[in-house]
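Peer 1: I'm passing along model-v3.txt; it holds compact mmCIF, C-alpha atoms.
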```
# COMPACT_ATOMS: atom_id res chain seq x y z
CA MET A 1471 127.26 132.40 46.43
CA ILE A 1472 126.36 136.01 45.77
CA ASP A 1473 128.88 137.66 43.45
CA THR A 1474 130.01 140.90 45.10
CA ARG A 1475 132.35 143.47 43.57
CA ILE A 1476 133.88 146.56 45.19
CA ILE A 1477 134.78 149.76 43.32
CA VAL A 1478 137.62 151.84 44.81
CA GLU A 1479 139.40 154.99 43.63
CA GLY A 1480 142.96 153.72 43.23
CA VAL A 1481 145.25 150.70 43.23
CA SER A 1482 146.48 151.44 46.74
CA ASP A 1483 142.91 151.14 48.00
CA VAL A 1484 142.76 147.63 46.58
CA GLU A 1485 145.52 146.48 48.93
CA THR A 1486 143.81 148.01 51.96
CA LEU A 1487 140.48 146.37 51.14
CA SER A 1488 142.11 143.02 50.44
CA LYS A 1489 143.68 143.04 53.90
CA ALA A 1490 140.43 144.18 55.52
CA ILE A 1491 138.36 141.33 54.09
CA GLN A 1492 140.89 138.55 54.67
CA ASP A 1493 139.59 137.74 58.13
CA LEU A 1494 135.91 138.23 57.25
CA ALA A 1495 133.73 135.13 56.95
CA LEU A 1496 131.49 136.74 54.36
CA GLY A 1497 130.55 133.43 52.79
CA SER A 1498 129.25 131.85 55.97
CA GLU A 1499 127.74 135.04 57.41
CA PHE A 1500 126.23 136.62 54.35
CA GLY A 1501 126.52 134.03 51.59
CA VAL A 1502 128.59 136.40 49.47
CA THR A 1503 131.99 136.23 47.85
CA ILE A 1504 134.14 139.20 46.84
CA SER A 1505 134.98 138.30 43.26
CA SER A 1506 136.90 141.46 42.42
CA ILE A 1507 138.03 144.87 43.65
CA ILE A 1508 137.90 147.40 40.81
CA PRO A 1509 140.16 150.48 41.02
CA THR A 1510 138.60 153.14 38.74
CA THR A 1511 137.09 156.58 38.69
CA ASN A 1512 135.78 156.09 35.15
CA VAL A 1513 132.06 155.45 35.02
CA GLU A 1514 132.18 153.53 31.72
CA ILE A 1515 134.91 151.21 33.00
CA ALA A 1516 132.88 150.68 36.17
CA LYS A 1517 129.79 149.79 34.11
CA LYS A 1518 131.69 147.16 32.15
CA SER A 1519 133.40 145.77 35.25
CA ILE A 1520 130.21 145.04 37.18
CA ILE A 1521 128.50 143.07 34.42
CA GLY A 1522 127.33 139.73 35.84
CA SER A 1523 127.62 140.74 39.49
CA ASP A 1524 124.86 140.62 42.10
CA ILE A 1525 126.12 143.28 44.55
CA VAL A 1526 128.34 146.31 43.97
CA LEU A 1527 129.93 148.19 46.87
CA ILE A 1528 131.30 151.68 46.25
CA ALA A 1529 134.19 152.32 48.65
CA THR A 1530 135.64 155.80 48.10
CA ASP A 1531 137.43 158.21 50.39
CA ALA A 1532 135.24 160.17 52.78
CA ASP A 1533 136.45 163.51 51.46
CA ARG A 1534 134.55 165.77 49.07
CA SER A 1535 135.94 164.32 45.84
CA GLY A 1536 135.37 160.77 47.11
CA ARG A 1537 131.76 161.49 48.01
CA GLU A 1538 131.13 163.15 44.63
CA LEU A 1539 132.63 160.14 42.83
CA ALA A 1540 130.54 157.78 44.94
CA ASP A 1541 127.38 159.78 44.17
CA ARG A 1542 128.16 159.81 40.45
CA LEU A 1543 128.89 156.08 40.33
CA PHE A 1544 125.77 155.32 42.36
CA GLU A 1545 123.54 157.33 40.01
CA GLU A 1546 125.08 155.86 36.88
CA LEU A 1547 125.08 152.24 38.03
CA LYS A 1548 121.68 152.01 39.74
CA GLY A 1549 118.74 150.52 37.92
CA LYS A 1550 120.78 147.74 36.29
CA GLU A 1551 119.22 144.93 38.32
CA ILE A 1552 122.26 145.00 40.63
CA LEU A 1553 122.20 145.84 44.34
CA ILE A 1554 124.40 148.91 44.91
CA GLU A 1555 125.49 150.31 48.26
CA ARG A 1556 128.09 152.81 49.49
CA VAL A 1557 130.70 151.79 52.05
CA LYS A 1558 130.36 154.66 54.52
CA PHE A 1559 133.42 155.94 56.36
CA PRO A 1560 133.60 158.74 58.91
CA LYS A 1561 133.98 162.13 57.27
CA GLY A 1562 137.54 162.93 56.28
CA HIS A 1563 138.82 159.33 56.39
CA ASP A 1564 141.18 158.18 53.67
CA LEU A 1565 140.58 154.55 52.66
CA GLU A 1566 144.25 153.92 52.02
CA HIS A 1567 145.20 154.86 55.58
CA ALA A 1568 141.99 153.85 57.33
CA ASP A 1569 141.92 151.38 60.18
CA LEU A 1570 141.41 147.86 58.78
CA PHE A 1571 138.94 147.01 61.53
CA LEU A 1572 136.89 150.08 60.59
CA VAL A 1573 137.01 149.08 56.91
CA SER A 1574 135.92 145.50 57.72
CA LYS A 1575 133.13 146.80 59.92
CA GLU A 1576 131.84 149.17 57.24
CA ILE A 1577 131.91 146.44 54.59
CA LYS A 1578 129.78 144.28 56.90
CA ASN A 1579 127.46 147.21 57.59
CA SER A 1580 127.13 147.82 53.86
CA LEU A 1581 126.18 144.19 53.28
CA ILE A 1582 123.71 144.38 56.18
CA ARG A 1583 122.12 147.51 54.70
CA ILE A 1584 121.85 145.75 51.35
CA GLY A 1585 120.22 142.80 53.11
CA LEU A 1586 117.71 145.07 54.82
CA LYS A 1587 117.00 146.84 51.56
CA SER A 1588 116.63 143.45 49.93
CA LEU A 1589 114.09 142.46 52.57
CA LYS A 1590 112.18 145.63 51.87
CA SER A 1591 112.54 144.93 48.19
CA ILE A 1592 111.35 141.38 48.78
CA ASP A 1593 108.34 142.70 50.68
CA ALA A 1594 107.71 145.16 47.90
CA LEU A 1595 108.20 142.41 45.35
CA THR A 1596 105.86 140.17 47.33
CA GLU A 1597 103.23 142.88 47.37
CA LYS A 1598 103.92 143.53 43.74
CA ASP A 1599 103.64 139.81 43.03
CA LYS A 1600 100.36 139.69 44.91
CA PHE A 1601 99.17 142.70 42.98
CA ILE A 1602 100.29 141.11 39.71
CA ARG A 1603 98.55 137.85 40.64
CA SER A 1604 95.44 139.82 41.49
CA LEU A 1605 95.70 141.61 38.16
CA GLU A 1606 96.24 138.30 36.38
CA LYS A 1607 93.18 136.90 38.13
CA ASP A 1608 91.18 139.97 37.17
CA MET A 1609 92.55 139.75 33.64
CA TYR A 1610 91.57 136.09 33.47
CA GLY A 1611 88.10 136.99 34.70
CA LEU A 1612 87.95 139.82 32.16
CA LYS A 1613 89.17 137.42 29.48
CA ILE A 1614 86.39 134.96 30.32
CA GLU A 1615 83.91 137.84 30.42
CA ASN A 1616 85.29 139.09 27.11
CA GLU A 1617 84.86 135.64 25.57
CA ASP A 1618 81.28 135.54 26.86
CA LEU A 1619 80.68 138.99 25.42
CA LYS A 1620 82.15 137.88 22.10
CA LYS A 1621 79.80 134.89 22.07
CA LYS A 1622 76.85 137.13 22.95
CA ILE A 1623 77.88 139.62 20.27
CA LYS A 1624 78.21 136.78 17.76
CA ASN A 1625 74.77 135.46 18.73
CA LEU A 1626 73.35 138.97 18.48
CA GLU A 1627 74.98 139.41 15.07
CA GLN A 1628 73.48 136.10 13.94
CA THR A 1629 70.10 137.17 15.33
CA VAL A 1630 70.39 140.55 13.61
CA GLN A 1631 71.44 138.80 10.40
CA SER A 1632 68.44 136.51 10.75
CA PHE A 1633 66.20 139.54 11.23
CA VAL A 1634 67.83 141.19 8.22
CA SER A 1635 67.27 138.04 6.14
CA GLU A 1636 63.66 137.82 7.30
CA LYS A 1637 63.18 141.51 6.58
CA GLU A 1638 64.67 141.04 3.13
CA LEU A 1639 62.34 138.08 2.59
CA ILE A 1640 59.37 140.15 3.78
CA ASN A 1641 60.41 143.01 1.49
CA SER A 1642 60.74 140.56 -1.38
CA LEU A 1643 57.32 139.07 -0.62
CA GLU A 1644 55.82 142.56 -0.35
CA GLN A 1645 57.34 143.43 -3.72
CA ASP A 1646 55.93 140.20 -5.18
CA LEU A 1647 52.54 141.01 -3.64
CA ASP A 1648 52.64 144.52 -5.09
CA ARG A 1649 53.54 143.07 -8.48
CA ILE A 1650 50.74 140.49 -8.20
CA ASN A 1651 48.26 143.22 -7.22
CA VAL A 1652 49.34 145.29 -10.21
CA GLU A 1653 48.96 142.25 -12.47
CA LYS A 1654 45.60 141.49 -10.84
CA ASN A 1655 44.40 145.02 -11.48
CA GLU A 1656 45.62 144.80 -15.07
CA ILE A 1657 43.85 141.44 -15.52
CA GLU A 1658 40.66 142.79 -13.92
CA LEU A 1659 40.81 145.82 -16.18
CA GLU A 1660 41.46 143.61 -19.19
CA ASN A 1661 38.67 141.25 -18.08
CA SER A 1662 36.33 144.19 -17.72
CA GLU A 1663 37.23 145.33 -21.22
CA LEU A 1664 36.73 141.77 -22.51
CA LYS A 1665 33.35 141.56 -20.80
CA LYS A 1666 32.35 144.82 -22.40
CA GLU A 1667 33.57 143.53 -25.75
CA ILE A 1668 31.75 140.21 -25.27
CA LYS A 1669 28.59 142.04 -24.23
CA THR A 1670 28.87 144.24 -27.29
CA LYS A 1671 29.33 141.18 -29.51
CA GLU A 1672 26.48 139.34 -27.78
CA ASP A 1673 24.27 142.35 -28.33
CA ARG A 1674 25.40 142.43 -31.94
CA ILE A 1675 24.71 138.70 -32.33
CA SER A 1676 21.28 139.11 -30.75
CA GLU A 1677 20.62 141.98 -33.09
CA ILE A 1678 21.74 139.91 -36.09
CA GLU A 1679 19.67 136.93 -34.94
CA ALA A 1680 16.63 139.14 -34.55
CA ARG A 1681 17.18 140.61 -37.96
CA TYR A 1682 17.71 137.11 -39.38
CA ARG A 1683 14.51 135.87 -37.80
CA ASP A 1684 12.71 138.86 -39.15
CA ILE A 1685 14.15 138.30 -42.59
CA GLU A 1686 13.51 134.58 -42.34
CA ALA A 1687 9.92 135.28 -41.35
CA LYS A 1688 9.50 137.40 -44.40
CA ILE A 1689 11.08 134.93 -46.83
CA LEU A 1690 8.80 132.21 -48.31
CA ASN A 1691 10.00 129.60 -50.75
CA ILE A 1692 7.93 127.92 -53.48
CA TYR A 1693 8.43 124.19 -53.75
CA ASP A 1694 7.25 122.06 -56.70
CA LEU A 1695 4.73 119.54 -55.37
CA ASP A 1696 5.38 116.87 -58.01
CA LYS A 1697 9.14 116.99 -57.48
CA TYR A 1698 9.06 116.65 -53.70
CA TRP A 1699 6.20 114.08 -53.64
CA SER A 1700 8.07 111.83 -56.08
CA LYS A 1701 10.94 111.69 -53.57
CA ILE A 1702 8.57 110.39 -50.90
CA SER A 1703 6.03 108.17 -52.67
CA ASP A 1704 5.01 106.70 -56.02
CA ASP A 1705 1.32 107.20 -55.27
CA GLU A 1706 -0.80 109.91 -56.76
CA LYS A 1707 0.18 113.30 -55.52
CA PRO A 1708 -2.01 114.63 -52.72
CA LYS A 1709 -4.94 116.94 -53.20
CA VAL A 1710 -4.94 120.46 -51.86
CA ASN A 1711 -7.31 119.54 -49.05
CA GLU A 1712 -4.98 116.73 -47.90
CA ILE A 1713 -2.07 119.13 -47.79
CA ILE A 1714 -4.06 121.77 -45.88
CA LYS A 1715 -5.22 119.15 -43.37
CA ALA A 1716 -1.62 117.98 -42.78
CA ILE A 1717 -0.49 121.61 -42.35
CA GLU A 1718 -3.18 122.15 -39.73
CA ILE A 1719 -2.24 118.95 -37.90
CA LEU A 1720 1.41 120.01 -37.80
CA ASN A 1721 0.34 123.52 -36.83
CA PHE A 1722 2.76 125.08 -39.29
CA ASP A 1723 2.53 128.80 -39.73
CA ARG A 1724 3.00 130.49 -43.07
CA VAL A 1725 2.76 127.26 -45.08
CA VAL A 1726 0.29 127.48 -48.01
CA ALA A 1727 -0.64 124.79 -50.57
CA SER A 1728 -1.99 124.82 -54.13
CA GLU A 1729 -2.58 122.17 -56.76
CA ASP A 1730 1.03 122.20 -57.97
CA PHE A 1731 3.08 124.05 -55.31
CA ILE A 1732 3.66 124.40 -51.60
CA VAL A 1733 4.76 127.78 -50.28
CA SER A 1734 6.87 127.37 -47.13
CA PRO A 1735 9.66 129.10 -45.18
CA SER A 1736 11.84 126.00 -45.59
CA GLU A 1737 12.16 122.71 -47.40
CA ASP A 1738 11.94 120.86 -44.09
CA TYR A 1739 8.35 121.93 -43.62
CA VAL A 1740 7.49 120.51 -47.07
CA HIS A 1741 9.07 117.14 -46.23
CA LYS A 1742 7.20 116.87 -42.94
CA VAL A 1743 3.83 117.76 -44.52
CA LEU A 1744 4.22 115.25 -47.35
CA LYS A 1745 5.47 112.47 -45.03
CA LEU A 1746 2.44 112.98 -42.80
CA ILE A 1747 0.14 112.63 -45.85
CA LYS A 1748 1.91 109.41 -46.89
CA MET A 1749 1.61 108.00 -43.37
CA GLY A 1750 -2.11 108.82 -43.31
CA ARG A 1751 -2.72 107.07 -46.61
CA GLU A 1752 -0.87 103.96 -45.44
CA LEU A 1753 -2.93 103.86 -42.26
CA ASN A 1754 -6.15 104.17 -44.25
CA LYS A 1755 -5.12 101.22 -46.44
CA ASP A 1756 -4.87 99.01 -43.42
```
Can you present the structure in this file as structure tokens?

Peer 2:
Amino acid sequence: MIDTRIIVEGVSDVETLSKAIQDLALGSEFGVTISSIIPTTNVEIAKKSIIGSDIVLIATDADRSGRELADRLFEELKGKEILIERVKFPKGHDLEHADLFLVSKEIKNSLIRIGLKSLKSIDALTEKDKFIRSLEKDMYGLKIENEDLKKKIKNLEQTVQSFVSEKELINSLEQDLDRINVEKNEIELENSELKKEIKTKEDRISEIEARYRDIEAKILNIYDLDKYWSKISDDEKPKVNEIIKAIEILNFDRVVASEDFIVSPSEDYVHKVLKLIKMGRELNKD
């Protein structure tokens, strides 16, 4: 049942209302029950008294003070998730002395007005509910779209990070390449200097060799014939003509012979000349 409470101005009004609603079948007709009739003109008391109710009817006298009280109570109590309605009486009627049939009729009319307002409220709530559902659907779609955007953003961030990493790698490789080129240039410069140094040394060596050959060409050694022949053979030492003939056969330049000496650039020439003479003598013996 719908908990309904009625606010009246005084205690005497409570008795009138109680009599007026005795014969009303509010439960079967409207599904409501009058749980209390509250006699007060104090707004704060009224606020506390209606806590937990579903419907509040304001039944005040139809005079000026009654209407002002009803307006004040209506303004103060509305917006508390409670249905509020005035019980309207003809202008100038005093609730305490009003006709009970009129009071019963107006209570019914008040409940009917609340019902109509409720229907409008229900329609409004239905539209509001539809609107909310539509918003929820849109929000769900936006949420899905937002998730997709987040994924795309994440993928883009990963792609950008990959590009950044690749760029960093490229920059690092470029730096390495620059360093290698610098080292290459340094090595090439050093190599060029080394080549110049080697060329200078080769030229110096060639110069020294030329000078050595020139000096060597000018130097002639005198070798004792008896001494060197005794190392080769025990036979009689060769005559000058034998030595000259051997020199000619060997085609030695700057080798000269005498009875006791051989003049030659080196000892090797002397050995070869004397060995050739020994070989010739041995062949002649055979």

Peer 1: State, in Å with one decimal place, the distance from atom CA of Asp1541 of chain A to atom CA of Ala1495 of chain A.

Peer 2: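 The value is 28.5 Å.
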
Peer 1: Identify, on the basis of only C-alpha atoms, every residue whose closest approach to Arg1583 of chain A does not exceed 8 Å; exclude the query and any residue fewer than 4 positions from it along the same chain; express the result as a list in words.

Peer 2: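 So, after excluding close chain neighbours, the residues are Glu1555, Asn1579 and Lys1587 of chain A.
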
Peer 1: One decimal, in Å: what's the spacing between atom CA of Ile1717 of chain A and atom CA of Ile1747 of chain A?

Peer 2: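 That distance, rounded to one decimal, is 9.7 Å.
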
Peer 1: Quote the spacing between atom CA of Arg1674 of chain A and atom CA of Asn1691 of chain A in Å to one decimal place.

Peer 2: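 Separation of atom CA of Arg1674 of chain A and atom CA of Asn1691 of chain A: 27.5 Å.
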
Peer 1: So, counting only C-alpha atoms, which residue among A:Gly1585, A:Lys1600, A:Lys1558, A:Met1471 is closest to Ser1498 of chain A?

Peer 2: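 Checking each of A:Gly1585, A:Lys1600, A:Lys1558, A:Met1471 against Ser1498 of chain A, counting only C-alpha atoms, the winner is A:Met1471.
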
Peer 1: Need the shell around Trp1699 of chain A: protein/DNA/RNA residues with any atom at most 12 Å away, counting only C-alpha atoms. Skip same-chain ones fewer than 2 positions apart. Format as a list in words?

Peer 2: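 Everything that qualifies: Tyr1693, Asp1694, Leu1695, Asp1696, Lys1697, Lys1701, Ile1702, Ser1703, Asp1704, Asp1705, Glu1706, Lys1707, Pro1708, Lys1709, Ile1713, Asp1730, Phe1731, Ile1732, Val1740, His1741, Lys1742, Val1743, Leu1744, Lys1745, Leu1746, Ile1747 and Lys1748 of chain A.
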
Peer 1: Write the residues you've just listed into a file as a PDB file, keeping the file's coordinate frame, and include C-alpha atoms for each of them.

Peer 2:
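Result file follows (selection.pdb):
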```
ATOM      1  CA  TYR A1693       8.430 124.190 -53.750  1.00  0.00           C
ATOM      2  CA  ASP A1694       7.250 122.060 -56.700  1.00  0.00           C
ATOM      3  CA  LEU A1695       4.730 119.540 -55.370  1.00  0.00           C
ATOM      4  CA  ASP A1696       5.380 116.870 -58.010  1.00  0.00           C
ATOM      5  CA  LYS A1697       9.140 116.990 -57.480  1.00  0.00           C
ATOM      6  CA  LYS A1701      10.940 111.690 -53.570  1.00  0.00           C
ATOM      7  CA  ILE A1702       8.570 110.390 -50.900  1.00  0.00           C
ATOM      8  CA  SER A1703       6.030 108.170 -52.670  1.00  0.00           C
ATOM      9  CA  ASP A1704       5.010 106.700 -56.020  1.00  0.00           C
ATOM     10  CA  ASP A1705       1.320 107.200 -55.270  1.00  0.00           C
ATOM     11  CA  GLU A1706      -0.800 109.910 -56.760  1.00  0.00           C
ATOM     12  CA  LYS A1707       0.180 113.300 -55.520  1.00  0.00           C
ATOM     13  CA  PRO A1708      -2.010 114.630 -52.720  1.00  0.00           C
ATOM     14  CA  LYS A1709      -4.940 116.940 -53.200  1.00  0.00           C
ATOM     15  CA  ILE A1713      -2.070 119.130 -47.790  1.00  0.00           C
ATOM     16  CA  ASP A1730       1.030 122.200 -57.970  1.00  0.00           C
ATOM     17  CA  PHE A1731       3.080 124.050 -55.310  1.00  0.00           C
ATOM     18  CA  ILE A1732       3.660 124.400 -51.600  1.00  0.00           C
ATOM     19  CA  VAL A1740       7.490 120.510 -47.070  1.00  0.00           C
ATOM     20  CA  HIS A1741       9.070 117.140 -46.230  1.00  0.00           C
ATOM     21  CA  LYS A1742       7.200 116.870 -42.940  1.00  0.00           C
ATOM     22  CA  VAL A1743       3.830 117.760 -44.520  1.00  0.00           C
ATOM     23  CA  LEU A1744       4.220 115.250 -47.350  1.00  0.00           C
ATOM     24  CA  LYS A1745       5.470 112.470 -45.030  1.00  0.00           C
ATOM     25  CA  LEU A1746       2.440 112.980 -42.800  1.00  0.00           C
ATOM     26  CA  ILE A1747       0.140 112.630 -45.850  1.00  0.00           C
ATOM     27  CA  LYS A1748       1.910 109.410 -46.890  1.00  0.00           C
TER      28      LYS A1748
END
```
